[in-house]
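Working notes for the structure below.
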Amino acid sequence: MTTALEVKVDVSGGEARLLLTGDVDREAGPALDRAYNEAAAAGATSLTLDFAAVPYINSTGIALIVGLLGRARGADVPVTARALTDHYREIFEITRLSDFMTIEAGAPAPEGSTT
Amino acid sequence: MSSVAHSLRRIVSRGRTAPAVAASVGEEPAPRALAPSPVPVDIAPNDPIIPYFQSAAGAVDIEALELESPALVAMRAAGVKLVVPLVTQGELIGLLNLGPRLSDQEYSGDDRRLLESLAAQAAPAVRVGQLVREQEAEVRSRERLEQELAVARLIQQNFLPRSLPEAAGWSVAADYRPAREVGGDFYDFIDLPDGRLGIVVGDVTDKGIPAALVMAATRSVLRASAQRLVEPGAVLERVNELLVPDIPENMFVTCLYGVLELDTGRLVFANAGHNLPMVASGGAVTEHMARGMPLGLMPGMMYEETEAVLEPGAHLLLYSDGVTEAHDAEREMFGGDRLSAVMAAAGAGGGDALLGTLIGELAAFSAPGAEQEDDITLVAIRRETGAPAAVLAELSVASEPGNEREAIRQLEPALIAAGLSAARLERMKTAVAEAVMNAMEHGNGFRPELPVDVRLLRDGDALRVEVTDRGSARPMPEAPEPDIEAKLAGEQTPRGWGLFLIRNMVDELDVSGDDEHHTTRLVMRLEGGRDDDRA
């Protein structure tokens, strides 16, 4: 029923791409932490969170993204979110996460976006 | 010159042998008293003697004065020998007129000095007396005006309905707020045969007692005509014919008269130049047009009839121009658009709720402390949705982390079947997920044996989801308003988004509880309400 989050990290030329697959909810904490640490260890100077394969984000997941964004800002690493659905893009705007990270347009509907 | 005129008329002096004399200036003759009372002397406002007295250095010898003045002639004829002008602050307020001395001798220098000194002291005292009298007159006229307003209010209130009609399936509310200077607003409900209800809202031009009387007459004529005639247009035609010969000149009445069929919601109305009725249904607001001249202007008028159907859940609003023409501090008018916006947001509450919201909006809009400019009349009628809210889905999940997704998985088909658009569906899913998470965590403490119940209901044009936990009297924790800056800076926990998200996803949120449960209610309208294009 719930899909535990998996995060694949690609770092090239200082740019880290975090490919998220699964739900961003309370179970997602460890996977996000691991991915962030991996990117930081590889010397990433920018971070892109790819939500193309994320069907569900809840308030606990928002809290995890806030935590990750806080760490990145502390390290002066700019963060981009891409491939958010219209709905989660709206939520990023309502929560004002969008004021502190770049939201990349052109989000395709992720597969399995219904829950 | 008129203040001098008023002043001089009151000055009275008496000689011994000569008839006593009062000086009077102006067009109105002073009341003539019986001899040997003072003889009034009228002084025309343009008589050259007035500027002469105003600038005279002291007592003036009337015998010796050379001036082309009708007043001078009159004074001499009345036996006035000596005049001491009463001047204060450069203003001539009266004259001290003296006849010949008792001894028949001329007035001596001492006499004159004594009189001048008396005049110098009397003048300001007389002026104070005059001012007091003017003020008293003003107070009296203000009291009379207040009394008239009280009478007008009394007439008005006596002709407004004492109770509201009660009809199954309908919620009727009315509000009438007179301005201080009462206008001629009125409203009325008329019980008609065959389950129909007559509804009247009107406004007489002019204010005060005349307007109140015309209002009373219009109401009576309308009531009588409504019982005899069926069609609203014919009723207004008849009322107009009856009013035209009797209505005072320059007065007329705007009036809207509608007949509502209570079992079908069909409303037929005709309009004599009044504000158009608004109907809100399914989030859309329509102003229904019907043409017709105000009542009482000229005979032979025809009144167009318009029909509207009030569907279950629809609101009907009739109002007077005191609503739309209320001004804010910048003199901007409340206007039809604001009224329409309030109507569009009208929820599942009855007429009362809509009127409460409207009155609140008007108060917030009006300049603080400003006096209400015109009468405000509002009649709000809502057709209830009939049957109590229908349950579309019911489910229950155990309080285990992640089960909020199970709840929305089970609920989703019913949400789609109820007709939620794609964007609203996503919002509702997020809102339900967050409410279920709260219930599992804060209400049930993640104890798996405690279920969270979820019910989906359709209430008119809105969907309602109720999420109930088994939390005891323990109140739900109230998270502070999340502040992203504080959270990023580590000054606030990164969590605490749940209620904030819910509030931003649905049209209404309320949380209630008893000793054994908390229930979170989420309301989302099927159309209108929160804009789809906000994302």
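Following the order of the structure tokens, chains are lettered A, B, ..., residues in each are numbered from 1, and ligands are numbered from 1.
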
Residue hits in chain A, query chain B, radius 10 Å, only C-alpha atoms, as a PyMOL selection string: chain A and resi 1-3+25-27+56-74+86-97+99-100+113-115

Report as a JSON list (two decimals) with C-alpha atoms, in the first residue's frame all protein, DNA and RNA residues lying within 8 Å of range 350-365 of chain B, evaluated on only C-alpha atoms, omitting residues in the same chain fewer than 5 positions from it.
[["chain", "number", "residue", "atom", "x", "y", "z"],
["B", 171, "SER", "CA", -35.18, 29.32, 5.59],
["B", 172, "VAL", "CA", -36.34, 32.93, 5.58],
["B", 173, "ALA", "CA", -34.52, 35.86, 7.17],
["B", 174, "ALA", "CA", -34.95, 39.62, 6.98],
["B", 175, "ASP", "CA", -33.11, 42.58, 8.38],
["B", 315, "HIS", "CA", -30.03, 31.48, -1.89],
["B", 323, "VAL", "CA", -26.74, 48.15, 0.92],
["B", 326, "ALA", "CA", -22.92, 52.25, 1.58],
["B", 327, "HIS", "CA", -19.58, 54.08, 1.44],
["B", 328, "ASP", "CA", -16.19, 53.35, 2.92],
["B", 334, "PHE", "CA", -19.99, 48.77, -1.48],
["B", 339, "LEU", "CA", -22.59, 41.84, -2.72],
["B", 342, "VAL", "CA", -20.64, 37.45, -0.58],
["B", 343, "MET", "CA", -23.50, 35.62, -2.28],
["B", 378, "LEU", "CA", -32.20, 42.69, 3.35],
["B", 379, "VAL", "CA", -34.39, 39.67, 2.73],
["B", 380, "ALA", "CA", -32.61, 36.34, 2.34],
["B", 381, "ILE", "CA", -34.37, 33.11, 1.48],
["B", 382, "ARG", "CA", -32.69, 29.76, 1.13],
["B", 384, "GLU", "CA", -33.01, 23.85, 2.06]]

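When CA of Ala224 in chain B is paired with CA of Leu236 in chain B, their separation reads 11.4 Å.
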
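Shortest separation to Ser46 in chain A among A:Leu32, A:Val77, A:Leu18, A:Leu84 occurs at residue A:Val77, atoms counted being only C-alpha atoms.
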
Spatial neighbours of Ala57 in chain B, 10 Å, only C-alpha atoms, chain gap at least 4 places, as a short mmCIF file (atom, residue, chain, number, x, y, z; two decimals) with N, CA and C atoms, in the first residue's frame:
data_model
loop_
_atom_site.label_atom_id
_atom_site.label_comp_id
_atom_site.auth_asym_id
_atom_site.auth_seq_id
_atom_site.Cartn_x
_atom_site.Cartn_y
_atom_site.Cartn_z
N TYR B 52 -25.19 104.63 11.42
CA TYR B 52 -24.90 105.81 12.24
C TYR B 52 -24.80 105.41 13.71
N PHE B 53 -25.79 104.67 14.20
CA PHE B 53 -25.77 104.24 15.60
C PHE B 53 -24.58 103.32 15.88
N VAL B 84 -29.19 105.71 23.22
CA VAL B 84 -27.84 105.22 23.54
C VAL B 84 -27.68 103.87 22.83
N PRO B 85 -26.83 103.80 21.78
CA PRO B 85 -26.66 102.51 21.08
C PRO B 85 -26.00 101.47 21.99
N GLU B 116 -24.22 106.08 29.16
CA GLU B 116 -23.23 105.42 28.32
C GLU B 116 -22.54 104.28 29.07
#

Test item: residues at most 9 Å from Leu267 in chain B, only C-alpha atoms, excluding those fewer than 3 positions along its chain, as a VMD selection string: chain B and resid 258 to 262 264 306 to 310

Since we have the selection now, will you write its residues out, keeping C-alpha atoms, as a short mmCIF file (atom, residue, chain, number, x, y, z; two decimals), in the first residue's frame?
data_model
loop_
_atom_site.label_atom_id
_atom_site.label_comp_id
_atom_site.auth_asym_id
_atom_site.auth_seq_id
_atom_site.Cartn_x
_atom_site.Cartn_y
_atom_site.Cartn_z
CA GLY B 258 -42.31 38.15 -6.19
CA VAL B 259 -44.45 35.08 -5.75
CA LEU B 260 -42.63 31.95 -4.65
CA GLU B 261 -44.10 28.47 -5.10
CA LEU B 262 -42.88 26.72 -2.01
CA THR B 264 -41.25 23.79 -6.63
CA THR B 306 -39.40 37.22 -14.87
CA GLU B 307 -39.15 33.68 -13.64
CA ALA B 308 -36.36 32.02 -11.71
CA VAL B 309 -36.22 28.61 -10.10
CA LEU B 310 -34.59 28.25 -6.71
#

Test item: residues at most 8 Å from Thr21 in chain A, only C-alpha atoms, excluding those fewer than 6 positions along its chain, as a VMD selection string: chain A and resid 5 to 7 51 to 54

Close residues, Leu47 in chain A itself excluded, 8 Å, only C-alpha atoms, min 4 positions apart in chain, as a ChimeraX atom specification: /A:15-18,77-80

Saved selection, atoms kept: N, CA and C atoms, as a compact mmCIF listing (two decimals), in the first residue's frame:
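Okay, part_5.txt is ready:
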# COMPACT_ATOMS: atom_id res chain seq x y z
N GLU A 15 26.90 19.05 -9.41
CA GLU A 15 25.44 19.08 -9.36
C GLU A 15 24.91 17.71 -8.96
N ALA A 16 24.18 17.68 -7.84
CA ALA A 16 23.62 16.42 -7.36
C ALA A 16 22.16 16.31 -7.74
N ARG A 17 21.81 15.16 -8.31
CA ARG A 17 20.43 14.93 -8.69
C ARG A 17 19.90 13.79 -7.83
N LEU A 18 18.85 14.10 -7.03
CA LEU A 18 18.27 13.08 -6.16
C LEU A 18 16.98 12.58 -6.80
N VAL A 77 23.98 25.58 -0.34
CA VAL A 77 23.72 24.75 -1.53
C VAL A 77 22.30 25.04 -2.01
N PRO A 78 22.15 25.62 -3.21
CA PRO A 78 20.80 25.90 -3.70
C PRO A 78 20.06 24.60 -4.06
N VAL A 79 18.73 24.61 -3.82
CA VAL A 79 17.92 23.41 -4.05
C VAL A 79 16.85 23.69 -5.10
N THR A 80 16.68 22.73 -5.99
CA THR A 80 15.64 22.81 -7.01
C THR A 80 14.72 21.61 -6.86

Residue list (strand (DSSP E), DSSP) for range 3-106 of chain A, as a list of chain:residue names: A:Glu6, A:Val7, A:Lys8, A:Val9, A:Asp10, A:Val11, A:Ser12, A:Glu15, A:Ala16, A:Arg17, A:Leu18, A:Leu19, A:Leu20, A:Thr21, A:Ser46, A:Leu47, A:Thr48, A:Leu49, A:Asp50, A:Phe51, A:Ala52, A:Ala53, A:Val79, A:Thr80, A:Ala81, A:Arg82, A:Thr102, A:Ile103

I'd like to know which residues of range 18-170 of chain B are helix (DSSP H, G or I) (by DSSP, run on the backbone); could you write them as a PDB file with N, CA and C atoms, in the first residue's frame?
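As a result, part.pdb now contains:
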ATOM      1  N   ILE B  49     -29.785 105.019   9.593  1.00  0.00           N
ATOM      2  CA  ILE B  49     -29.577 105.293  11.011  1.00  0.00           C
ATOM      3  C   ILE B  49     -28.830 104.136  11.685  1.00  0.00           C
ATOM      4  N   ILE B  50     -28.927 102.936  11.079  1.00  0.00           N
ATOM      5  CA  ILE B  50     -28.256 101.777  11.691  1.00  0.00           C
ATOM      6  C   ILE B  50     -26.732 101.946  11.675  1.00  0.00           C
ATOM      7  N   PRO B  51     -26.122 102.207  10.480  1.00  0.00           N
ATOM      8  CA  PRO B  51     -24.664 102.445  10.521  1.00  0.00           C
ATOM      9  C   PRO B  51     -24.298 103.655  11.389  1.00  0.00           C
ATOM     10  N   TYR B  52     -25.191 104.626  11.421  1.00  0.00           N
ATOM     11  CA  TYR B  52     -24.905 105.808  12.243  1.00  0.00           C
ATOM     12  C   TYR B  52     -24.799 105.412  13.708  1.00  0.00           C
ATOM     13  N   PHE B  53     -25.793 104.669  14.196  1.00  0.00           N
ATOM     14  CA  PHE B  53     -25.771 104.236  15.603  1.00  0.00           C
ATOM     15  C   PHE B  53     -24.577 103.323  15.882  1.00  0.00           C
ATOM     16  N   GLN B  54     -24.288 102.452  14.899  1.00  0.00           N
ATOM     17  CA  GLN B  54     -23.201 101.486  15.093  1.00  0.00           C
ATOM     18  C   GLN B  54     -21.874 102.184  15.357  1.00  0.00           C
ATOM     19  N   SER B  55     -21.682 103.337  14.687  1.00  0.00           N
ATOM     20  CA  SER B  55     -20.389 104.004  14.846  1.00  0.00           C
ATOM     21  C   SER B  55     -20.456 105.223  15.766  1.00  0.00           C
ATOM     22  N   PRO B  70     -36.238 107.280   7.718  1.00  0.00           N
ATOM     23  CA  PRO B  70     -37.629 107.076   8.146  1.00  0.00           C
ATOM     24  C   PRO B  70     -37.699 106.713   9.627  1.00  0.00           C
ATOM     25  N   ALA B  71     -36.691 105.963  10.111  1.00  0.00           N
ATOM     26  CA  ALA B  71     -36.720 105.553  11.518  1.00  0.00           C
ATOM     27  C   ALA B  71     -36.579 106.764  12.433  1.00  0.00           C
ATOM     28  N   LEU B  72     -35.773 107.700  11.998  1.00  0.00           N
ATOM     29  CA  LEU B  72     -35.567 108.909  12.800  1.00  0.00           C
ATOM     30  C   LEU B  72     -36.889 109.661  12.959  1.00  0.00           C
ATOM     31  N   VAL B  73     -37.618 109.761  11.856  1.00  0.00           N
ATOM     32  CA  VAL B  73     -38.925 110.421  11.885  1.00  0.00           C
ATOM     33  C   VAL B  73     -39.858 109.699  12.859  1.00  0.00           C
ATOM     34  N   ALA B  74     -39.832 108.368  12.764  1.00  0.00           N
ATOM     35  CA  ALA B  74     -40.713 107.579  13.623  1.00  0.00           C
ATOM     36  C   ALA B  74     -40.339 107.730  15.089  1.00  0.00           C
ATOM     37  N   MET B  75     -39.051 107.790  15.364  1.00  0.00           N
ATOM     38  CA  MET B  75     -38.599 107.920  16.751  1.00  0.00           C
ATOM     39  C   MET B  75     -39.015 109.267  17.321  1.00  0.00           C
ATOM     40  N   ARG B  76     -38.826 110.272  16.513  1.00  0.00           N
ATOM     41  CA  ARG B  76     -39.226 111.614  16.974  1.00  0.00           C
ATOM     42  C   ARG B  76     -40.721 111.621  17.275  1.00  0.00           C
ATOM     43  N   ALA B  77     -41.485 111.025  16.356  1.00  0.00           N
ATOM     44  CA  ALA B  77     -42.936 110.998  16.541  1.00  0.00           C
ATOM     45  C   ALA B  77     -43.314 110.250  17.806  1.00  0.00           C
ATOM     46  N   GLY B 109     -24.553 116.308  30.941  1.00  0.00           N
ATOM     47  CA  GLY B 109     -23.339 115.537  30.637  1.00  0.00           C
ATOM     48  C   GLY B 109     -23.222 114.348  31.564  1.00  0.00           C
ATOM     49  N   ASP B 110     -23.549 114.544  32.856  1.00  0.00           N
ATOM     50  CA  ASP B 110     -23.495 113.443  33.820  1.00  0.00           C
ATOM     51  C   ASP B 110     -24.484 112.343  33.445  1.00  0.00           C
ATOM     52  N   ASP B 111     -25.721 112.821  33.077  1.00  0.00           N
ATOM     53  CA  ASP B 111     -26.747 111.840  32.672  1.00  0.00           C
ATOM     54  C   ASP B 111     -26.223 110.980  31.529  1.00  0.00           C
ATOM     55  N   ARG B 112     -25.653 111.662  30.537  1.00  0.00           N
ATOM     56  CA  ARG B 112     -25.170 110.938  29.355  1.00  0.00           C
ATOM     57  C   ARG B 112     -24.075 109.945  29.718  1.00  0.00           C
ATOM     58  N   ARG B 113     -23.121 110.419  30.558  1.00  0.00           N
ATOM     59  CA  ARG B 113     -22.031 109.524  30.961  1.00  0.00           C
ATOM     60  C   ARG B 113     -22.577 108.306  31.695  1.00  0.00           C
ATOM     61  N   LEU B 114     -23.565 108.570  32.597  1.00  0.00           N
ATOM     62  CA  LEU B 114     -24.180 107.473  33.339  1.00  0.00           C
ATOM     63  C   LEU B 114     -24.837 106.477  32.366  1.00  0.00           C
ATOM     64  N   LEU B 115     -25.598 107.027  31.383  1.00  0.00           N
ATOM     65  CA  LEU B 115     -26.283 106.162  30.415  1.00  0.00           C
ATOM     66  C   LEU B 115     -25.293 105.387  29.551  1.00  0.00           C
ATOM     67  N   GLU B 116     -24.219 106.080  29.163  1.00  0.00           N
ATOM     68  CA  GLU B 116     -23.226 105.417  28.316  1.00  0.00           C
ATOM     69  C   GLU B 116     -22.542 104.284  29.070  1.00  0.00           C
ATOM     70  N   SER B 117     -22.272 104.555  30.342  1.00  0.00           N
ATOM     71  CA  SER B 117     -21.630 103.515  31.138  1.00  0.00           C
ATOM     72  C   SER B 117     -22.594 102.338  31.344  1.00  0.00           C
ATOM     73  N   LEU B 118     -23.873 102.662  31.541  1.00  0.00           N
ATOM     74  CA  LEU B 118     -24.895 101.613  31.667  1.00  0.00           C
ATOM     75  C   LEU B 118     -24.968 100.790  30.380  1.00  0.00           C
ATOM     76  N   ALA B 119     -24.974 101.491  29.226  1.00  0.00           N
ATOM     77  CA  ALA B 119     -25.066 100.811  27.933  1.00  0.00           C
ATOM     78  C   ALA B 119     -23.859  99.901  27.711  1.00  0.00           C
ATOM     79  N   ALA B 120     -22.678 100.398  28.107  1.00  0.00           N
ATOM     80  CA  ALA B 120     -21.460  99.618  27.901  1.00  0.00           C
ATOM     81  C   ALA B 120     -21.530  98.302  28.672  1.00  0.00           C
ATOM     82  N   GLN B 121     -22.160  98.358  29.855  1.00  0.00           N
ATOM     83  CA  GLN B 121     -22.253  97.129  30.647  1.00  0.00           C
ATOM     84  C   GLN B 121     -23.435  96.268  30.222  1.00  0.00           C
ATOM     85  N   ALA B 122     -24.512  96.936  29.815  1.00  0.00           N
ATOM     86  CA  ALA B 122     -25.710  96.175  29.449  1.00  0.00           C
ATOM     87  C   ALA B 122     -25.514  95.425  28.127  1.00  0.00           C
ATOM     88  N   ALA B 123     -24.775  96.071  27.181  1.00  0.00           N
ATOM     89  CA  ALA B 123     -24.681  95.484  25.836  1.00  0.00           C
ATOM     90  C   ALA B 123     -24.210  94.027  25.847  1.00  0.00           C
ATOM     91  N   PRO B 124     -23.051  93.726  26.490  1.00  0.00           N
ATOM     92  CA  PRO B 124     -22.629  92.319  26.466  1.00  0.00           C
ATOM     93  C   PRO B 124     -23.623  91.391  27.168  1.00  0.00           C
ATOM     94  N   ALA B 125     -24.250  91.887  28.251  1.00  0.00           N
ATOM     95  CA  ALA B 125     -25.205  91.049  28.972  1.00  0.00           C
ATOM     96  C   ALA B 125     -26.404  90.728  28.083  1.00  0.00           C
ATOM     97  N   VAL B 126     -26.881  91.754  27.356  1.00  0.00           N
ATOM     98  CA  VAL B 126     -28.006  91.539  26.449  1.00  0.00           C
ATOM     99  C   VAL B 126     -27.625  90.545  25.350  1.00  0.00           C
ATOM    100  N   ARG B 127     -26.379  90.685  24.863  1.00  0.00           N
ATOM    101  CA  ARG B 127     -25.914  89.794  23.798  1.00  0.00           C
ATOM    102  C   ARG B 127     -25.922  88.339  24.278  1.00  0.00           C
ATOM    103  N   VAL B 128     -25.446  88.141  25.510  1.00  0.00           N
ATOM    104  CA  VAL B 128     -25.441  86.787  26.076  1.00  0.00           C
ATOM    105  C   VAL B 128     -26.869  86.257  26.140  1.00  0.00           C
ATOM    106  N   GLY B 129     -27.768  87.125  26.589  1.00  0.00           N
ATOM    107  CA  GLY B 129     -29.175  86.725  26.653  1.00  0.00           C
ATOM    108  C   GLY B 129     -29.704  86.309  25.290  1.00  0.00           C
ATOM    109  N   GLN B 130     -29.341  87.086  24.272  1.00  0.00           N
ATOM    110  CA  GLN B 130     -29.788  86.764  22.914  1.00  0.00           C
ATOM    111  C   GLN B 130     -29.262  85.408  22.458  1.00  0.00           C
ATOM    112  N   LEU B 131     -27.963  85.189  22.748  1.00  0.00           N
ATOM    113  CA  LEU B 131     -27.351  83.928  22.317  1.00  0.00           C
ATOM    114  C   LEU B 131     -28.029  82.737  22.991  1.00  0.00           C
ATOM    115  N   VAL B 132     -28.321  82.899  24.276  1.00  0.00           N
ATOM    116  CA  VAL B 132     -28.984  81.816  25.007  1.00  0.00           C
ATOM    117  C   VAL B 132     -30.333  81.503  24.363  1.00  0.00           C
ATOM    118  N   ARG B 133     -31.072  82.574  24.039  1.00  0.00           N
ATOM    119  CA  ARG B 133     -32.377  82.357  23.419  1.00  0.00           C
ATOM    120  C   ARG B 133     -32.262  81.673  22.063  1.00  0.00           C
ATOM    121  N   GLU B 134     -31.257  82.111  21.272  1.00  0.00           N
ATOM    122  CA  GLU B 134     -31.073  81.488  19.953  1.00  0.00           C
ATOM    123  C   GLU B 134     -30.799  79.999  20.107  1.00  0.00           C
ATOM    124  N   GLN B 135     -29.954  79.698  21.110  1.00  0.00           N
ATOM    125  CA  GLN B 135     -29.594  78.305  21.318  1.00  0.00           C
ATOM    126  C   GLN B 135     -30.808  77.481  21.756  1.00  0.00           C
ATOM    127  N   GLU B 136     -31.613  78.094  22.630  1.00  0.00           N
ATOM    128  CA  GLU B 136     -32.814  77.387  23.087  1.00  0.00           C
ATOM    129  C   GLU B 136     -33.741  77.081  21.913  1.00  0.00           C
ATOM    130  N   ALA B 137     -33.838  78.056  21.014  1.00  0.00           N
ATOM    131  CA  ALA B 137     -34.708  77.866  19.858  1.00  0.00           C
ATOM    132  C   ALA B 137     -34.176  76.729  18.994  1.00  0.00           C
ATOM    133  N   GLU B 138     -32.846  76.691  18.884  1.00  0.00           N
ATOM    134  CA  GLU B 138     -32.231  75.654  18.069  1.00  0.00           C
ATOM    135  C   GLU B 138     -32.478  74.279  18.676  1.00  0.00           C
ATOM    136  N   VAL B 139     -32.329  74.202  20.002  1.00  0.00           N
ATOM    137  CA  VAL B 139     -32.565  72.936  20.695  1.00  0.00           C
ATOM    138  C   VAL B 139     -34.004  72.493  20.486  1.00  0.00           C
ATOM    139  N   ARG B 140     -34.919  73.461  20.599  1.00  0.00           N
ATOM    140  CA  ARG B 140     -36.331  73.117  20.424  1.00  0.00           C
ATOM    141  C   ARG B 140     -36.586  72.565  19.027  1.00  0.00           C
ATOM    142  N   SER B 141     -35.942  73.177  18.036  1.00  0.00           N
ATOM    143  CA  SER B 141     -36.213  72.723  16.677  1.00  0.00           C
ATOM    144  C   SER B 141     -35.577  71.353  16.451  1.00  0.00           C
ATOM    145  N   ARG B 142     -34.430  71.136  17.122  1.00  0.00           N
ATOM    146  CA  ARG B 142     -33.797  69.821  16.987  1.00  0.00           C
ATOM    147  C   ARG B 142     -34.664  68.750  17.667  1.00  0.00           C
ATOM    148  N   GLU B 143     -35.225  69.116  18.809  1.00  0.00           N
ATOM    149  CA  GLU B 143     -36.080  68.159  19.513  1.00  0.00           C
ATOM    150  C   GLU B 143     -37.304  67.803  18.674  1.00  0.00           C
ATOM    151  N   ARG B 144     -37.827  68.817  18.005  1.00  0.00           N
ATOM    152  CA  ARG B 144     -38.999  68.574  17.176  1.00  0.00           C
ATOM    153  C   ARG B 144     -38.637  67.601  16.049  1.00  0.00           C
ATOM    154  N   LEU B 145     -37.445  67.807  15.485  1.00  0.00           N
ATOM    155  CA  LEU B 145     -36.983  66.946  14.401  1.00  0.00           C
ATOM    156  C   LEU B 145     -36.823  65.512  14.899  1.00  0.00           C
ATOM    157  N   GLU B 146     -36.195  65.369  16.079  1.00  0.00           N
ATOM    158  CA  GLU B 146     -36.006  64.035  16.661  1.00  0.00           C
ATOM    159  C   GLU B 146     -37.355  63.359  16.880  1.00  0.00           C
ATOM    160  N   GLN B 147     -38.309  64.169  17.344  1.00  0.00           N
ATOM    161  CA  GLN B 147     -39.629  63.629  17.618  1.00  0.00           C
ATOM    162  C   GLN B 147     -40.272  63.129  16.324  1.00  0.00           C
ATOM    163  N   GLU B 148     -40.082  63.914  15.269  1.00  0.00           N
ATOM    164  CA  GLU B 148     -40.617  63.505  13.974  1.00  0.00           C
ATOM    165  C   GLU B 148     -39.970  62.209  13.507  1.00  0.00           C
ATOM    166  N   LEU B 149     -38.660  62.119  13.738  1.00  0.00           N
ATOM    167  CA  LEU B 149     -37.958  60.901  13.327  1.00  0.00           C
ATOM    168  C   LEU B 149     -38.477  59.707  14.111  1.00  0.00           C
ATOM    169  N   ALA B 150     -38.742  59.941  15.410  1.00  0.00           N
ATOM    170  CA  ALA B 150     -39.249  58.852  16.244  1.00  0.00           C
ATOM    171  C   ALA B 150     -40.608  58.386  15.727  1.00  0.00           C
ATOM    172  N   VAL B 151     -41.439  59.342  15.324  1.00  0.00           N
ATOM    173  CA  VAL B 151     -42.752  58.990  14.776  1.00  0.00           C
ATOM    174  C   VAL B 151     -42.584  58.207  13.479  1.00  0.00           C
ATOM    175  N   ALA B 152     -41.679  58.682  12.627  1.00  0.00           N
ATOM    176  CA  ALA B 152     -41.439  58.001  11.354  1.00  0.00           C
ATOM    177  C   ALA B 152     -40.992  56.563  11.611  1.00  0.00           C
ATOM    178  N   ARG B 153     -40.076  56.410  12.575  1.00  0.00           N
ATOM    179  CA  ARG B 153     -39.583  55.065  12.903  1.00  0.00           C
ATOM    180  C   ARG B 153     -40.724  54.174  13.388  1.00  0.00           C
ATOM    181  N   LEU B 154     -41.571  54.785  14.198  1.00  0.00           N
ATOM    182  CA  LEU B 154     -42.705  54.046  14.769  1.00  0.00           C
ATOM    183  C   LEU B 154     -43.628  53.541  13.661  1.00  0.00           C
ATOM    184  N   ILE B 155     -43.942  54.445  12.728  1.00  0.00           N
ATOM    185  CA  ILE B 155     -44.811  54.056  11.615  1.00  0.00           C
ATOM    186  C   ILE B 155     -44.155  52.902  10.863  1.00  0.00           C
ATOM    187  N   GLN B 156     -42.877  53.124  10.546  1.00  0.00           N
ATOM    188  CA  GLN B 156     -42.120  52.143   9.783  1.00  0.00           C
ATOM    189  C   GLN B 156     -42.167  50.770  10.450  1.00  0.00           C
ATOM    190  N   GLN B 157     -41.823  50.764  11.754  1.00  0.00           N
ATOM    191  CA  GLN B 157     -41.737  49.486  12.454  1.00  0.00           C
ATOM    192  C   GLN B 157     -43.100  48.808  12.554  1.00  0.00           C
ATOM    193  N   ASN B 158     -44.147  49.620  12.664  1.00  0.00           N
ATOM    194  CA  ASN B 158     -45.475  49.051  12.790  1.00  0.00           C
ATOM    195  C   ASN B 158     -45.924  48.352  11.531  1.00  0.00           C
TER     196      ASN B 158
END

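CA of Leu95 in chain B is positioned 16.3 Å from CA of Asn46 in chain B.
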
Coordinates-based distance that separates CA of Leu509 in chain B from CA of Met524 in chain B (Å, one decimal): 9.2 Å

Residues near Glu304 in chain B, cut-off 12 Å, only C-alpha atoms, skip fewer than 4 positions along chain, as a ChimeraX atom specification: /B:231-237,256-258,268-273,288-293

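Between Leu19 in chain A and the residues A:Ala75, A:Ile103, A:Ala31, A:Ala41, the shortest atom-to-atom distance, using only C-alpha atoms, involves A:Ala31.
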
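Shortest separation to Ser108 in chain B among B:Leu526, B:Leu82, B:Met302, B:Val41 occurs at residue B:Leu82, atoms counted being only C-alpha atoms.
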
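Of the residues listed (A:Ala40, A:Leu49, A:Ala105, A:Ala4), A:Ala4 shows the shortest atom-to-atom separation from Gly22 in chain A; distances use only C-alpha atoms.
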